[in-house]
$ cat protein17.pdb   # PDB, C-alpha atoms
ATOM      1  CA  MET A   1    -151.915  67.060  -1.667  1.00  0.00           C
ATOM      2  CA  SER A   2    -152.331  66.581  -5.362  1.00  0.00           C
ATOM      3  CA  ILE A   3    -149.764  67.435  -7.983  1.00  0.00           C
ATOM      4  CA  GLY A   4    -151.729  70.511  -9.004  1.00  0.00           C
ATOM      5  CA  GLU A   5    -151.590  71.871  -5.442  1.00  0.00           C
ATOM      6  CA  THR A   6    -147.965  71.055  -4.783  1.00  0.00           C
ATOM      7  CA  SER A   7    -145.529  73.858  -5.193  1.00  0.00           C
ATOM      8  CA  LEU A   8    -141.954  73.049  -4.350  1.00  0.00           C
ATOM      9  CA  GLY A   9    -140.998  76.688  -4.573  1.00  0.00           C
ATOM     10  CA  SER A  10    -140.121  78.461  -7.750  1.00  0.00           C
ATOM     11  CA  PRO A  11    -140.541  77.178 -10.391  1.00  0.00           C
ATOM     12  CA  LYS A  12    -143.594  75.039  -9.759  1.00  0.00           C
ATOM     13  CA  ILE A  13    -143.844  71.445 -10.842  1.00  0.00           C
ATOM     14  CA  GLN A  14    -145.504  71.227 -14.244  1.00  0.00           C
ATOM     15  CA  VAL A  15    -147.755  68.402 -15.372  1.00  0.00           C
ATOM     16  CA  ILE A  16    -147.317  67.928 -19.112  1.00  0.00           C
ATOM     17  CA  ASP A  17    -149.031  65.727 -21.686  1.00  0.00           C
ATOM     18  CA  GLY A  18    -149.557  62.056 -20.995  1.00  0.00           C
ATOM     19  CA  GLY A  19    -149.449  62.224 -17.201  1.00  0.00           C
ATOM     20  CA  MET A  20    -145.782  63.215 -17.141  1.00  0.00           C
ATOM     21  CA  ILE A  21    -144.376  65.650 -14.610  1.00  0.00           C
ATOM     22  CA  ASP A  22    -141.537  67.931 -15.653  1.00  0.00           C
ATOM     23  CA  VAL A  23    -138.975  68.028 -12.839  1.00  0.00           C
ATOM     24  CA  THR A  24    -136.151  69.517 -14.931  1.00  0.00           C
ATOM     25  CA  PRO A  25    -135.469  72.525 -12.648  1.00  0.00           C
ATOM     26  CA  TYR A  26    -134.940  70.155  -9.719  1.00  0.00           C
ATOM     27  CA  ALA A  27    -132.845  67.754 -11.805  1.00  0.00           C
ATOM     28  CA  LYS A  28    -130.534  70.638 -12.721  1.00  0.00           C
ATOM     29  CA  ARG A  29    -129.980  71.282  -9.004  1.00  0.00           C
ATOM     30  CA  VAL A  30    -128.371  67.841  -8.685  1.00  0.00           C
ATOM     31  CA  GLY A  31    -126.317  68.150 -11.863  1.00  0.00           C
ATOM     32  CA  ILE A  32    -128.495  66.420 -14.467  1.00  0.00           C
ATOM     33  CA  LYS A  33    -128.172  68.442 -17.654  1.00  0.00           C
ATOM     34  CA  LEU A  34    -130.930  66.855 -19.763  1.00  0.00           C
ATOM     35  CA  PRO A  35    -134.622  67.582 -19.153  1.00  0.00           C
ATOM     36  CA  VAL A  36    -136.211  65.025 -16.799  1.00  0.00           C
ATOM     37  CA  VAL A  37    -139.827  63.918 -16.543  1.00  0.00           C
ATOM     38  CA  ILE A  38    -141.317  61.441 -14.094  1.00  0.00           C
ATOM     39  CA  THR A  39    -144.597  59.611 -14.448  1.00  0.00           C
ATOM     40  CA  GLU A  40    -147.611  60.601 -12.415  1.00  0.00           C
ATOM     41  CA  ASN A  41    -147.675  57.046 -11.066  1.00  0.00           C
ATOM     42  CA  LEU A  42    -144.093  57.415  -9.785  1.00  0.00           C
ATOM     43  CA  TRP A  43    -145.007  60.722  -8.178  1.00  0.00           C
ATOM     44  CA  ASN A  44    -148.027  59.211  -6.420  1.00  0.00           C
ATOM     45  CA  GLU A  45    -146.267  56.043  -5.259  1.00  0.00           C
ATOM     46  CA  THR A  46    -142.885  57.435  -4.286  1.00  0.00           C
ATOM     47  CA  VAL A  47    -142.656  61.213  -4.046  1.00  0.00           C
ATOM     48  CA  LYS A  48    -146.059  62.179  -2.694  1.00  0.00           C
ATOM     49  CA  THR A  49    -146.242  62.154   1.088  1.00  0.00           C
ATOM     50  CA  ASP A  50    -149.178  61.047   3.195  1.00  0.00           C
ATOM     51  CA  ALA A  51    -150.273  62.380   6.588  1.00  0.00           C
ATOM     52  CA  ASN A  52    -148.260  59.732   8.448  1.00  0.00           C
ATOM     53  CA  SER A  53    -144.980  60.438   6.641  1.00  0.00           C
ATOM     54  CA  ARG A  54    -145.477  64.218   6.962  1.00  0.00           C
ATOM     55  CA  MET A  55    -145.963  63.724  10.709  1.00  0.00           C
ATOM     56  CA  TYR A  56    -142.417  62.305  10.788  1.00  0.00           C
ATOM     57  CA  GLY A  57    -140.968  65.203   8.805  1.00  0.00           C
ATOM     58  CA  GLN A  58    -141.063  63.756   5.286  1.00  0.00           C
ATOM     59  CA  LYS A  59    -141.489  66.381   2.570  1.00  0.00           C
ATOM     60  CA  GLU A  60    -142.180  65.961  -1.131  1.00  0.00           C
ATOM     61  CA  GLU A  61    -139.370  68.347  -2.084  1.00  0.00           C
ATOM     62  CA  LYS A  62    -136.831  66.282  -0.121  1.00  0.00           C
ATOM     63  CA  ARG A  63    -138.078  62.987  -1.580  1.00  0.00           C
ATOM     64  CA  LEU A  64    -137.879  64.413  -5.094  1.00  0.00           C
ATOM     65  CA  ASP A  65    -134.391  65.731  -4.410  1.00  0.00           C
ATOM     66  CA  SER A  66    -133.315  62.321  -3.076  1.00  0.00           C
ATOM     67  CA  LEU A  67    -134.819  60.509  -6.062  1.00  0.00           C
ATOM     68  CA  LEU A  68    -133.065  62.804  -8.539  1.00  0.00           C
ATOM     69  CA  SER A  69    -129.780  62.515  -6.625  1.00  0.00           C
ATOM     70  CA  ALA A  70    -130.029  58.716  -6.880  1.00  0.00           C
ATOM     71  CA  LEU A  71    -130.745  59.062 -10.599  1.00  0.00           C
ATOM     72  CA  SER A  72    -127.743  61.361 -11.013  1.00  0.00           C
ATOM     73  CA  MET A  73    -125.466  58.800  -9.364  1.00  0.00           C
ATOM     74  CA  GLU A  74    -126.768  56.070 -11.666  1.00  0.00           C
ATOM     75  CA  LEU A  75    -126.257  58.239 -14.741  1.00  0.00           C
ATOM     76  CA  LEU A  76    -122.634  58.825 -13.719  1.00  0.00           C
ATOM     77  CA  LYS A  77    -121.994  55.073 -13.834  1.00  0.00           C
ATOM     78  CA  GLY A  78    -122.426  54.877 -17.608  1.00  0.00           C
ATOM     79  CA  ARG A  79    -124.396  55.818 -20.683  1.00  0.00           C
ATOM     80  CA  ALA A  80    -126.798  52.926 -21.047  1.00  0.00           C
ATOM     81  CA  LYS A  81    -129.950  53.818 -22.966  1.00  0.00           C
ATOM     82  CA  ASP A  82    -132.101  52.258 -20.235  1.00  0.00           C
ATOM     83  CA  LEU A  83    -131.162  51.733 -16.619  1.00  0.00           C
ATOM     84  CA  SER A  84    -132.808  50.554 -13.446  1.00  0.00           C
ATOM     85  CA  PHE A  85    -132.070  51.551  -9.878  1.00  0.00           C
ATOM     86  CA  THR A  86    -133.554  51.178  -6.407  1.00  0.00           C
ATOM     87  CA  PHE A  87    -134.917  54.016  -4.324  1.00  0.00           C
ATOM     88  CA  LEU A  88    -135.786  53.869  -0.626  1.00  0.00           C
ATOM     89  CA  THR A  89    -138.373  56.036   1.109  1.00  0.00           C
ATOM     90  CA  CYS A  90    -139.140  56.159   4.811  1.00  0.00           C
ATOM     91  CA  LYS A  91    -142.801  56.183   5.722  1.00  0.00           C
ATOM     92  CA  ASP A  92    -142.217  56.429   9.476  1.00  0.00           C
ATOM     93  CA  PRO A  93    -139.419  55.389  11.861  1.00  0.00           C
ATOM     94  CA  LYS A  94    -140.266  51.686  11.450  1.00  0.00           C
ATOM     95  CA  THR A  95    -141.358  51.472   7.793  1.00  0.00           C
ATOM     96  CA  THR A  96    -139.180  51.787   4.717  1.00  0.00           C
ATOM     97  CA  SER A  97    -140.309  51.228   1.148  1.00  0.00           C
ATOM     98  CA  CYS A  98    -137.909  50.031  -1.548  1.00  0.00           C
ATOM     99  CA  ARG A  99    -138.916  50.739  -5.142  1.00  0.00           C
ATOM    100  CA  LEU A 100    -137.289  49.539  -8.348  1.00  0.00           C
ATOM    101  CA  LEU A 101    -137.305  52.410 -10.833  1.00  0.00           C
ATOM    102  CA  LYS A 102    -136.221  52.746 -14.434  1.00  0.00           C
ATOM    103  CA  ALA A 103    -134.865  55.639 -16.442  1.00  0.00           C
ATOM    104  CA  CYS A 104    -134.871  55.765 -20.236  1.00  0.00           C
ATOM    105  CA  TYR A 105    -133.351  58.215 -22.672  1.00  0.00           C
ATOM    106  CA  LYS A 106    -136.084  59.420 -25.036  1.00  0.00           C
ATOM    107  CA  GLU A 107    -136.420  62.003 -27.791  1.00  0.00           C
ATOM    108  CA  LYS A 108    -139.078  64.672 -28.170  1.00  0.00           C
ATOM    109  CA  ASP A 109    -140.771  65.224 -31.524  1.00  0.00           C
ATOM    110  CA  ASP A 110    -138.120  67.828 -32.315  1.00  0.00           C
ATOM    111  CA  GLY A 111    -135.326  65.285 -31.708  1.00  0.00           C
ATOM    112  CA  LYS A 112    -134.138  66.801 -28.409  1.00  0.00           C
ATOM    113  CA  PRO A 113    -133.255  64.184 -25.765  1.00  0.00           C
ATOM    114  CA  PHE A 114    -134.785  63.887 -22.313  1.00  0.00           C
ATOM    115  CA  ILE A 115    -134.879  61.338 -19.489  1.00  0.00           C
ATOM    116  CA  ARG A 116    -138.105  59.593 -18.479  1.00  0.00           C
ATOM    117  CA  VAL A 117    -138.217  58.033 -14.993  1.00  0.00           C
ATOM    118  CA  SER A 118    -140.971  55.604 -14.009  1.00  0.00           C
ATOM    119  CA  THR A 119    -141.737  52.675 -11.766  1.00  0.00           C
ATOM    120  CA  TYR A 120    -140.259  49.489 -13.144  1.00  0.00           C
ATOM    121  CA  ASN A 121    -143.586  47.918 -14.103  1.00  0.00           C
ATOM    122  CA  GLU A 122    -144.788  50.895 -16.184  1.00  0.00           C
ATOM    123  CA  SER A 123    -144.589  50.599 -19.956  1.00  0.00           C
ATOM    124  CA  SER A 124    -142.188  52.913 -21.740  1.00  0.00           C
TER     125      SER A 124
END
$ encode --input "protein17.pdb" --output "structure tokens"
Amino acid sequence: MSIGETSLGSPKIQVIDGGMIDVTPYAKRVGIKLPVVITENLWNETVKTDANSRMYGQKEEKRLDSLLSALSMELLKGRAKDLSFTFLTCKDPKTTSCRLLKACYKEKDDGKPFIRVSTYNESS
């Protein structure tokens, strides 16, 4: 599945400028009040499921929910401008992937804040 085909229910995931994916409606479900975007790279490496992981019941909506829940817990720890956290995904019963992610507070052109989440090695 590609991002354009993936619908996690209503509202659909929106790809915005610069390869960013607006996941704000899902972030609100876990208590994050600011808008949240994730990079397309993060989506492809961490959220997107492959045939093997889907065979074992993994779903993109659940992975996204888990990622945003982990982010919410990290945000509750303090108000650092940038933070890093680990996120685990199961590929199958014997394979787990651990990813180091980062979240940064940013401002839109209009000065409104949002949170950008990416893999640790991506530039801000």
$ resolve_selection --input "protein17.pdb" --expression "the PyMOL selection byres ((chain A and resi 62) around 12)" --output "NGL selection string"
:A and (8 or 26 or 46-49 or 54 or 57-61 or 63-69 or 89-90)
$ resolve_selection --input "protein17.pdb" --expression "the PyMOL selection byres ((chain A and resi 43) around 12)" --output "PDB file with C-alpha atoms, in the coordinates of the input"
ATOM      1  CA  MET A   1    -151.915  67.060  -1.667  1.00  0.00           C
ATOM      2  CA  SER A   2    -152.331  66.581  -5.362  1.00  0.00           C
ATOM      3  CA  ILE A   3    -149.764  67.435  -7.983  1.00  0.00           C
ATOM      4  CA  GLY A   4    -151.729  70.511  -9.004  1.00  0.00           C
ATOM      5  CA  THR A   6    -147.965  71.055  -4.783  1.00  0.00           C
ATOM      6  CA  ILE A  13    -143.844  71.445 -10.842  1.00  0.00           C
ATOM      7  CA  VAL A  15    -147.755  68.402 -15.372  1.00  0.00           C
ATOM      8  CA  GLY A  19    -149.449  62.224 -17.201  1.00  0.00           C
ATOM      9  CA  MET A  20    -145.782  63.215 -17.141  1.00  0.00           C
ATOM     10  CA  ILE A  21    -144.376  65.650 -14.610  1.00  0.00           C
ATOM     11  CA  ASP A  22    -141.537  67.931 -15.653  1.00  0.00           C
ATOM     12  CA  VAL A  23    -138.975  68.028 -12.839  1.00  0.00           C
ATOM     13  CA  VAL A  37    -139.827  63.918 -16.543  1.00  0.00           C
ATOM     14  CA  ILE A  38    -141.317  61.441 -14.094  1.00  0.00           C
ATOM     15  CA  THR A  39    -144.597  59.611 -14.448  1.00  0.00           C
ATOM     16  CA  GLU A  40    -147.611  60.601 -12.415  1.00  0.00           C
ATOM     17  CA  ASN A  41    -147.675  57.046 -11.066  1.00  0.00           C
ATOM     18  CA  LEU A  42    -144.093  57.415  -9.785  1.00  0.00           C
ATOM     19  CA  ASN A  44    -148.027  59.211  -6.420  1.00  0.00           C
ATOM     20  CA  GLU A  45    -146.267  56.043  -5.259  1.00  0.00           C
ATOM     21  CA  THR A  46    -142.885  57.435  -4.286  1.00  0.00           C
ATOM     22  CA  VAL A  47    -142.656  61.213  -4.046  1.00  0.00           C
ATOM     23  CA  LYS A  48    -146.059  62.179  -2.694  1.00  0.00           C
ATOM     24  CA  THR A  49    -146.242  62.154   1.088  1.00  0.00           C
ATOM     25  CA  GLU A  60    -142.180  65.961  -1.131  1.00  0.00           C
ATOM     26  CA  GLU A  61    -139.370  68.347  -2.084  1.00  0.00           C
ATOM     27  CA  ARG A  63    -138.078  62.987  -1.580  1.00  0.00           C
ATOM     28  CA  LEU A  64    -137.879  64.413  -5.094  1.00  0.00           C
ATOM     29  CA  LEU A  67    -134.819  60.509  -6.062  1.00  0.00           C
ATOM     30  CA  LEU A 101    -137.305  52.410 -10.833  1.00  0.00           C
ATOM     31  CA  VAL A 117    -138.217  58.033 -14.993  1.00  0.00           C
ATOM     32  CA  SER A 118    -140.971  55.604 -14.009  1.00  0.00           C
ATOM     33  CA  THR A 119    -141.737  52.675 -11.766  1.00  0.00           C
TER      34      THR A 119
END
$ residues_near_point --input "protein17.pdb" --point "(-137.9, 70.7, -19.5)" --cutoff "7 Å" --atoms "all atoms listed in the file" --output "ChimeraX atom specification"
/A:22,24,35-36
$ resolve_selection --input "protein17.pdb" --expression "the PyMOL selection byres ((chain A and resi 83) around 6)" --output "ChimeraX atom specification"
/A:82,84,102-103
$ axis_aligned_box --input "protein17.pdb" --around "stretch 71-75 of chain A" --padding-each-side "8 Å" --output "JSON"
{"center_x": -128.1, "center_y": 58.7, "center_z": -12.1, "size_x": 21.3, "size_y": 21.3, "size_z": 21.4}
$ residues_around --input "protein17.pdb" --residues "A:Ala80" --least-positions-apart "6" --cutoff "10 Å" --atoms "only C-alpha atoms" --output "PyMOL selection string"
chain A and resi 74+103-105
